[in-house]
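These notes are about the structure you will find just below.
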Amino acid sequence: MLVWQNMHTHTHRSNFGGRDSTIANTVAEAESVGLTLIGVCDHIDEPESGREPLILENMKERDELDTPVRVLIGSEVSMNAPDQPAVKPEIMATWDYVVISANHFHLPCVSQPDERTEEGYADHFLTMAEGAVRYGASIIPHPFSYIGVRTMENGREIDWPRLMAAYDMNRVRRLFAEAAAKGTAFEINPGRLGIMPEFFRKIIRMGRDEGMKFSLGSDGHHPGQMHYGGTEKIAAIESQLQNLGVLETDICSSYAPRACTA
Ligand SMILES: [Zn+2]
Ligand SMILES: [Zn+2]
């Protein structure tokens with residue numbers, strides 16, 4: 001069984017979070033389809049945002065639940081520049097785990113590449129991800145196939161094959177080796193594998209070769225997204241992951257604070 005965790009969920013405490021997206025509801029959804037591990041990571045995007053106490057509120061709500069599902073509480077923190085996570089490392093270290101986004105390029109607080117081309121974004125993502133690993137991310141969310149912006153320079157649409165071709169795969173391999181050493185997992189979001197599955201097949205094999213683990217997450221903001229859409233969808237995701245060559249041993253099974261020690 002591959003789909004037993006969802007390490008990327010948000011509550012009503014995140015922008016766009018549905019009002020019903022409480023921790024209790026998220027956990028009930030997870031339980032209904034047999035997930036055994038859930039991660040709740042409401043957003044902190046801006047430095048000095050004052051949002052850190054919300055993470056403690058999530059912990060308090062979690063502690064009041066009576067459930068067999070293990071629930072880790074942390075935050076999805078934006079890298080604003082290669083050496084600037086939105087939250088100080090000593091604060092991140094007090095959470096159960098931390099998801100550090102290296103490609104929230106839609107946010108005004110996040111630095112853009114010099115050139116707004118596929119090559120520019122691919123390069124900038126890798127630089128930001130190297131920083132996120134250095135700062136002790138447990139998970140790098142929505143890697144490679146998400147860049148947040150809708151258009152490239154001159155307003156043209158993103159050319160997805162060009163973006164995927166723009167990643168320097170030797171540099172990706174070094175990044176995965178570093179992630180493996182630090183205990184950082186890269187996320188697989190089943191909803192994003194449709195773009196260039198062959199690229200992800202390569203990524204999964206390369207991660208395994210370097211000893212790196214993968215987390216599974218839906219980036220759910222609304223009820224119905226926390227359990228990947230239910231039992232039937234999960235069965236479809238299982239075979240999709242199998243087709244991409246994902247093995248049970250590729251999935252990270254233990255998230256120590258700020259580190260995956262699987
Ligand atoms: Zn994100
Ligand atoms: Zn998210």
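Chain lettering (A, B, ...) mirrors the order of the structure tokens, residue numbering begins at 1 for each chain separately, and ligand numbering begins at 1 in order of display.
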
(request) May I ask you to write as a PyMOL selection string all residues lying at most 9 Å from ligand 2, with only C-alpha atoms and all ligand atoms counted? (result) chain A and resi 8-10+14+41-43+76+99+101+141-142+217-221

Keeping only N, CA, C and O atoms, take the residues you just selected and write them out as a compact mmCIF listing (two decimals), in the first residue's frame.
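Produced file result-v9.txt, reproduced below:
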```txt
# COMPACT_ATOMS: atom_id res chain seq x y z
N HIS A 8 0.34 17.02 3.45
CA HIS A 8 0.18 18.40 2.99
C HIS A 8 -1.30 18.77 2.99
O HIS A 8 -1.99 18.65 1.98
N THR A 9 -1.79 19.18 4.17
CA THR A 9 -3.17 19.66 4.27
C THR A 9 -3.17 21.02 4.97
O THR A 9 -2.27 21.35 5.74
N HIS A 10 -4.20 21.80 4.66
CA HIS A 10 -4.36 23.13 5.26
C HIS A 10 -5.72 23.22 5.93
O HIS A 10 -6.66 22.54 5.54
N SER A 14 -5.52 28.90 6.87
CA SER A 14 -4.77 29.33 5.69
C SER A 14 -5.70 30.11 4.76
O SER A 14 -6.90 29.86 4.74
N CYS A 41 -0.24 21.81 7.70
CA CYS A 41 0.84 22.80 7.53
C CYS A 41 0.27 24.11 6.98
O CYS A 41 0.42 24.43 5.82
N ASP A 42 -0.40 24.87 7.85
CA ASP A 42 -0.93 26.16 7.40
C ASP A 42 0.21 27.10 7.00
O ASP A 42 1.32 27.01 7.51
N HIS A 43 -0.14 28.01 6.07
CA HIS A 43 0.89 28.83 5.43
C HIS A 43 1.48 29.91 6.33
O HIS A 43 0.76 30.58 7.06
N GLU A 76 3.60 25.30 6.26
CA GLU A 76 4.20 25.42 4.93
C GLU A 76 4.80 26.83 4.87
O GLU A 76 4.07 27.82 4.79
N VAL A 99 7.29 22.09 6.18
CA VAL A 99 7.22 22.01 4.72
C VAL A 99 7.75 23.35 4.21
O VAL A 99 7.24 24.39 4.61
N SER A 101 8.39 25.70 0.99
CA SER A 101 8.10 25.86 -0.44
C SER A 101 9.21 26.65 -1.12
O SER A 101 9.58 27.73 -0.67
N PRO A 141 7.53 20.87 -0.95
CA PRO A 141 6.23 20.59 -1.55
C PRO A 141 6.20 20.94 -3.04
O PRO A 141 7.02 21.71 -3.51
N HIS A 142 5.23 20.36 -3.72
CA HIS A 142 4.98 20.59 -5.17
C HIS A 142 6.24 20.95 -5.96
O HIS A 142 6.33 22.02 -6.55
N GLY A 217 1.30 14.00 -0.59
CA GLY A 217 0.44 15.07 -0.09
C GLY A 217 -0.50 15.57 -1.16
O GLY A 217 -0.18 15.52 -2.35
N SER A 218 -1.67 16.04 -0.74
CA SER A 218 -2.68 16.50 -1.70
C SER A 218 -2.75 18.01 -1.80
O SER A 218 -3.41 18.53 -2.69
N ASP A 219 -2.07 18.74 -0.89
CA ASP A 219 -2.21 20.20 -0.82
C ASP A 219 -3.69 20.57 -0.67
O ASP A 219 -4.17 21.52 -1.28
N GLY A 220 -4.40 19.80 0.17
CA GLY A 220 -5.83 20.04 0.35
C GLY A 220 -6.11 21.29 1.17
O GLY A 220 -5.52 21.50 2.22
N HIS A 221 -7.01 22.12 0.64
CA HIS A 221 -7.45 23.31 1.38
C HIS A 221 -8.93 23.18 1.78
O HIS A 221 -9.42 23.99 2.55
```

10 Å contact set for His104 in chain A, only C-alpha atoms, chain neighbours under 3 positions out, as a JSON list (two decimals) with N, CA, C and O atoms, in the first residue's frame:
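Contents of out00.json, as written:
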```json
[["chain", "number", "residue", "atom", "x", "y", "z"],
["A", 45, "ASP", "N", 3.95, 32.89, 4.93],
["A", 45, "ASP", "CA", 4.63, 33.33, 3.71],
["A", 45, "ASP", "C", 5.54, 34.53, 3.93],
["A", 45, "ASP", "O", 6.58, 34.65, 3.30],
["A", 77, "VAL", "N", 6.11, 26.89, 4.95],
["A", 77, "VAL", "CA", 6.85, 28.15, 5.02],
["A", 77, "VAL", "C", 7.38, 28.48, 3.63],
["A", 77, "VAL", "O", 7.94, 27.61, 2.96],
["A", 78, "SER", "N", 7.21, 29.72, 3.20],
["A", 78, "SER", "CA", 7.75, 30.12, 1.89],
["A", 78, "SER", "C", 9.22, 30.48, 2.01],
["A", 78, "SER", "O", 9.61, 31.20, 2.93],
["A", 79, "MET", "N", 10.03, 30.01, 1.06],
["A", 79, "MET", "CA", 11.35, 30.59, 0.86],
["A", 79, "MET", "C", 11.11, 31.90, 0.11],
["A", 79, "MET", "O", 10.51, 31.91, -0.96],
["A", 80, "ASN", "N", 11.56, 33.02, 0.68],
["A", 80, "ASN", "CA", 11.37, 34.31, 0.00],
["A", 80, "ASN", "C", 12.57, 34.66, -0.88],
["A", 80, "ASN", "O", 12.45, 35.43, -1.82],
["A", 100, "ILE", "N", 8.80, 23.36, 3.39],
["A", 100, "ILE", "CA", 9.35, 24.64, 2.92],
["A", 100, "ILE", "C", 9.20, 24.73, 1.41],
["A", 100, "ILE", "O", 9.79, 23.94, 0.67],
["A", 101, "SER", "N", 8.39, 25.70, 0.99],
["A", 101, "SER", "CA", 8.10, 25.86, -0.44],
["A", 101, "SER", "C", 9.21, 26.65, -1.12],
["A", 101, "SER", "O", 9.58, 27.73, -0.67],
["A", 107, "LEU", "N", 3.66, 34.85, -5.08],
["A", 107, "LEU", "CA", 3.57, 35.78, -3.96],
["A", 107, "LEU", "C", 4.51, 36.97, -4.15],
["A", 107, "LEU", "O", 5.66, 36.79, -4.53],
["A", 108, "PRO", "N", 4.03, 38.19, -3.85],
["A", 108, "PRO", "CA", 4.88, 39.37, -4.00],
["A", 108, "PRO", "C", 6.14, 39.32, -3.13],
["A", 108, "PRO", "O", 7.15, 39.93, -3.47],
["A", 109, "CYS", "N", 6.09, 38.58, -2.00],
["A", 109, "CYS", "CA", 7.25, 38.54, -1.11],
["A", 109, "CYS", "C", 8.33, 37.57, -1.59],
["A", 109, "CYS", "O", 9.40, 37.51, -1.00],
["A", 110, "VAL", "N", 8.06, 36.82, -2.64],
["A", 110, "VAL", "CA", 9.01, 35.80, -3.11],
["A", 110, "VAL", "C", 9.79, 36.32, -4.31],
["A", 110, "VAL", "O", 9.21, 36.86, -5.26],
["A", 111, "SER", "N", 11.12, 36.14, -4.27],
["A", 111, "SER", "CA", 11.98, 36.68, -5.33],
["A", 111, "SER", "C", 11.74, 35.95, -6.65],
["A", 111, "SER", "O", 11.47, 34.75, -6.68],
["A", 112, "GLN", "N", 11.83, 36.70, -7.73],
["A", 112, "GLN", "CA", 11.63, 36.16, -9.08],
["A", 112, "GLN", "C", 13.00, 35.88, -9.72],
["A", 112, "GLN", "O", 14.00, 36.48, -9.31],
["A", 125, "PHE", "N", 14.10, 27.85, -9.04],
["A", 125, "PHE", "CA", 13.51, 26.83, -8.16],
["A", 125, "PHE", "C", 14.61, 25.99, -7.51],
["A", 125, "PHE", "O", 14.59, 25.74, -6.30],
["A", 142, "HIS", "N", 5.23, 20.36, -3.72],
["A", 142, "HIS", "CA", 4.98, 20.59, -5.17],
["A", 142, "HIS", "C", 6.24, 20.95, -5.96],
["A", 142, "HIS", "O", 6.33, 22.02, -6.55],
["A", 146, "TYR", "N", 5.29, 22.91, -10.45],
["A", 146, "TYR", "CA", 4.48, 24.05, -10.01],
["A", 146, "TYR", "C", 5.40, 25.26, -9.94],
["A", 146, "TYR", "O", 6.51, 25.18, -9.41],
["A", 147, "ILE", "N", 5.00, 26.37, -10.53],
["A", 147, "ILE", "CA", 5.82, 27.57, -10.36],
["A", 147, "ILE", "C", 4.97, 28.77, -9.95],
["A", 147, "ILE", "O", 5.48, 29.86, -9.82],
["A", 148, "GLY", "N", 3.68, 28.55, -9.76],
["A", 148, "GLY", "CA", 2.86, 29.62, -9.18],
["A", 148, "GLY", "C", 2.42, 30.68, -10.16],
["A", 148, "GLY", "O", 1.29, 31.14, -10.08],
["A", 149, "VAL", "N", 3.29, 31.08, -11.07],
["A", 149, "VAL", "CA", 2.90, 32.13, -12.02],
["A", 149, "VAL", "C", 2.19, 31.50, -13.22],
["A", 149, "VAL", "O", 2.42, 30.35, -13.54]]
```

(request) Have a look at A:Val172, A:Met164, A:Ile44, A:Leu244 and name the one nearest to ligand 1; count only C-alpha atoms and all ligand atoms. (result) A:Ile44

Determine, for each residue of range 3-35 of chain A having at least one atom at most 9 Å from an atom of range 52-58 of chain A, the closest pair of atoms and their separation in Å to one decimal, counting only C-alpha atoms; order by chain and ascending number, as JSON lines.
```
{"residue": "A:Thr11", "atom": "CA", "partner": "A:Asn58", "partner_atom": "CA", "distance": 8.8}
{"residue": "A:Arg13", "atom": "CA", "partner": "A:Leu54", "partner_atom": "CA", "distance": 7.3}
{"residue": "A:Ile23", "atom": "CA", "partner": "A:Asn58", "partner_atom": "CA", "distance": 7.4}
```

Could you dump the residues just selected with all heavy atoms as an mmCIF file, in the first residue's frame?
```cif
data_model
loop_
_atom_site.group_PDB
_atom_site.id
_atom_site.type_symbol
_atom_site.label_atom_id
_atom_site.label_comp_id
_atom_site.auth_asym_id
_atom_site.auth_seq_id
_atom_site.Cartn_x
_atom_site.Cartn_y
_atom_site.Cartn_z
ATOM 1 N N THR A 11 -5.814 24.085 6.931
ATOM 2 C CA THR A 11 -7.093 24.304 7.605
ATOM 3 C C THR A 11 -7.654 25.673 7.216
ATOM 4 O O THR A 11 -7.065 26.394 6.403
ATOM 5 C CB THR A 11 -6.955 24.261 9.141
ATOM 6 O OG1 THR A 11 -6.350 25.489 9.577
ATOM 7 C CG2 THR A 11 -6.123 23.082 9.604
ATOM 8 N N ARG A 13 -7.304 28.119 8.738
ATOM 9 C CA ARG A 13 -6.347 29.153 9.158
ATOM 10 C C ARG A 13 -5.412 29.567 8.024
ATOM 11 O O ARG A 13 -4.592 30.460 8.182
ATOM 12 C CB ARG A 13 -5.534 28.660 10.367
ATOM 13 C CG ARG A 13 -6.409 28.473 11.600
ATOM 14 C CD ARG A 13 -5.625 28.292 12.878
ATOM 15 N NE ARG A 13 -6.536 28.373 14.002
ATOM 16 C CZ ARG A 13 -7.018 27.318 14.668
ATOM 17 N NH1 ARG A 13 -6.654 26.099 14.328
ATOM 18 N NH2 ARG A 13 -7.869 27.497 15.654
ATOM 19 N N ILE A 23 -9.190 20.718 11.830
ATOM 20 C CA ILE A 23 -8.342 19.543 12.024
ATOM 21 C C ILE A 23 -9.212 18.320 12.299
ATOM 22 O O ILE A 23 -8.944 17.233 11.785
ATOM 23 C CB ILE A 23 -7.327 19.805 13.148
ATOM 24 C CG1 ILE A 23 -6.342 20.879 12.656
ATOM 25 C CG2 ILE A 23 -6.600 18.534 13.543
ATOM 26 C CD1 ILE A 23 -5.283 21.255 13.632
#
```

(message) I need the residue nearest ligand 1 from this list: A:Asn103, A:Ser215, A:Ser254, A:Thr184. Use only C-alpha atoms and all ligand atoms for the distance.
(response)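 Smallest separation from ligand 1 among the options: A:Asn103.
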
(request) For each of A:Val40, A:Leu216, A:Val98, A:Met226, take the minimum atom-to-atom distance to Ser138 in chain A, counting only C-alpha atoms, then give the residue where this is smallest. (result) A:Val98

(request) Using only C-alpha atoms and all ligand atoms, find the one residue out of A:Gly39, A:Gly229, A:Gly17, A:Pro143 that sits nearest to ligand 1. (result) A:Pro143

Residues near Glu118 in chain A, cut-off 7 Å, only C-alpha atoms, skip fewer than 5 positions along chain, as a tab-separated table (two decimals) with all heavy atoms, in the first residue's frame:
```tsv
chain	number	residue	atom	x	y	z
A	162	ARG	N	9.01	22.52	-22.08
A	162	ARG	CA	10.24	23.33	-22.01
A	162	ARG	C	10.69	23.50	-20.57
A	162	ARG	O	11.88	23.46	-20.27
A	162	ARG	CB	9.97	24.69	-22.68
A	162	ARG	CG	11.17	25.61	-22.65
A	162	ARG	CD	10.93	26.89	-23.46
A	162	ARG	NE	11.84	27.95	-23.06
A	162	ARG	CZ	11.82	29.18	-23.54
A	162	ARG	NH1	10.94	29.51	-24.48
A	162	ARG	NH2	12.67	30.09	-23.10
A	163	LEU	N	9.73	23.69	-19.65
A	163	LEU	CA	10.09	23.83	-18.23
A	163	LEU	C	10.76	22.55	-17.72
A	163	LEU	O	11.81	22.60	-17.08
A	163	LEU	CB	8.86	24.16	-17.38
A	163	LEU	CG	9.14	24.26	-15.87
A	163	LEU	CD1	10.00	25.48	-15.53
A	163	LEU	CD2	7.84	24.30	-15.07
A	166	ALA	N	14.16	22.12	-18.83
A	166	ALA	CA	15.10	23.15	-18.38
A	166	ALA	C	15.82	22.77	-17.07
A	166	ALA	O	16.81	23.39	-16.71
A	166	ALA	CB	14.36	24.47	-18.18
```

(message) Counting only C-alpha atoms and all ligand atoms, which residue out of A:Val3, A:Ile140, A:Ala165, A:Ile251 sits closest to ligand 1?
(response)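 For ligand 1, the nearest of the given residues is A:Ile140.
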
(request) Pick out the residues sitting within 12 Å of Ala137 in chain A, and hand them over as a ChimeraX atom specification; count only C-alpha atoms, and ignore anything fewer than 4 positions along from it in its own chain. (result) /A:74-79,85,87,89,92-93,95-102,128-133,141,178-187,255-260

(message) For Phe176 in chain A, find every residue with an atom within 8 Å (counting only C-alpha atoms), except residues of its own chain fewer than 5 positions away, and show them as a list of chain:residue names.
(response) A:Met206, A:Gly207, A:Glu210, A:Gly211, A:Met212

List every residue of range 168-192 of chain A that has an atom at most 10 Å from any atom of range 231-241 of chain A, and for each one report the closest atom pair and its distance in Å to one decimal, counting only C-alpha atoms, with rows sorted by chain and then by increasing residue number, as JSON lines.
```
{"residue": "A:Ile188", "atom": "CA", "partner": "A:Leu241", "partner_atom": "CA", "distance": 9.3}
{"residue": "A:Asn189", "atom": "CA", "partner": "A:Ile237", "partner_atom": "CA", "distance": 10.0}
{"residue": "A:Pro190", "atom": "CA", "partner": "A:Ile237", "partner_atom": "CA", "distance": 6.5}
{"residue": "A:Gly191", "atom": "CA", "partner": "A:Ile237", "partner_atom": "CA", "distance": 8.9}
```

For the selection just defined, write its residues with all heavy atoms to a file, as a tab-separated table (two decimals), in the first residue's frame.
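Dumped to selection11.tsv:
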```tsv
chain	number	residue	atom	x	y	z
A	188	ILE	N	5.40	14.01	-3.48
A	188	ILE	CA	4.65	13.57	-4.66
A	188	ILE	C	3.20	13.98	-4.42
A	188	ILE	O	2.59	13.55	-3.45
A	188	ILE	CB	4.72	12.04	-4.84
A	188	ILE	CG1	6.16	11.58	-5.06
A	188	ILE	CG2	3.82	11.60	-6.00
A	188	ILE	CD1	6.32	10.06	-5.14
A	189	ASN	N	2.69	14.85	-5.28
A	189	ASN	CA	1.28	15.24	-5.22
A	189	ASN	C	0.58	14.56	-6.39
A	189	ASN	O	0.79	14.93	-7.54
A	189	ASN	CB	1.15	16.76	-5.33
A	189	ASN	CG	-0.31	17.22	-5.28
A	189	ASN	OD1	-1.23	16.44	-5.59
A	189	ASN	ND2	-0.52	18.46	-4.89
A	190	PRO	N	-0.25	13.54	-6.08
A	190	PRO	CA	-0.86	12.78	-7.17
A	190	PRO	C	-1.62	13.66	-8.17
A	190	PRO	O	-1.70	13.32	-9.35
A	190	PRO	CB	-1.83	11.84	-6.44
A	190	PRO	CG	-1.26	11.72	-5.07
A	190	PRO	CD	-0.64	13.06	-4.77
A	191	GLY	N	-2.11	14.81	-7.71
A	191	GLY	CA	-2.84	15.70	-8.61
A	191	GLY	C	-1.95	16.41	-9.61
A	191	GLY	O	-2.45	17.02	-10.55
```

(message) I'd like to know which of A:Asn15, A:Tyr228, A:Arg150, A:Arg156 is closest to ligand 1, using only C-alpha atoms and all ligand atoms.
(response)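 For ligand 1, the nearest of the given residues is A:Asn15.
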
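Every protein, DNA or RNA residue with an atom at most 7 Å from Thr22 in chain A, where only C-alpha atoms count and chain neighbours fewer than 2 positions away do not, is listed here: Thr11, His12, Asp20, Ala24, Asn25 and Thr26 of chain A.
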
(request) Can you list, as a list in words, all residues belonging to range 173-223 of chain A that DSSP tags as alpha helix (DSSP H)? (result)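 Here is the list: Arg173, Arg174, Leu175, Phe176, Ala177, Glu178, Ala179, Ala180, Ala181, Lys182, Pro197, Glu198, Phe199, Phe200, Arg201, Lys202, Ile203, Ile204, Arg205, Met206, Gly207, Arg208 and Asp209 of chain A.
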
(message) I'd like to know which residues of range 2-197 of chain A are strand (DSSP E) (by DSSP, run on the backbone); could you write them as a ChimeraX atom specification?
(response) /A:5-9,37-44,70-81,84-85,97-101,139-140,185-188

(request) Skip Val71 in chain A itself and residues of its chain fewer than 4 positions away, then list as a ChimeraX atom specification all residues within 9 Å of it, counting only C-alpha atoms. (result) /A:27,36-40,62
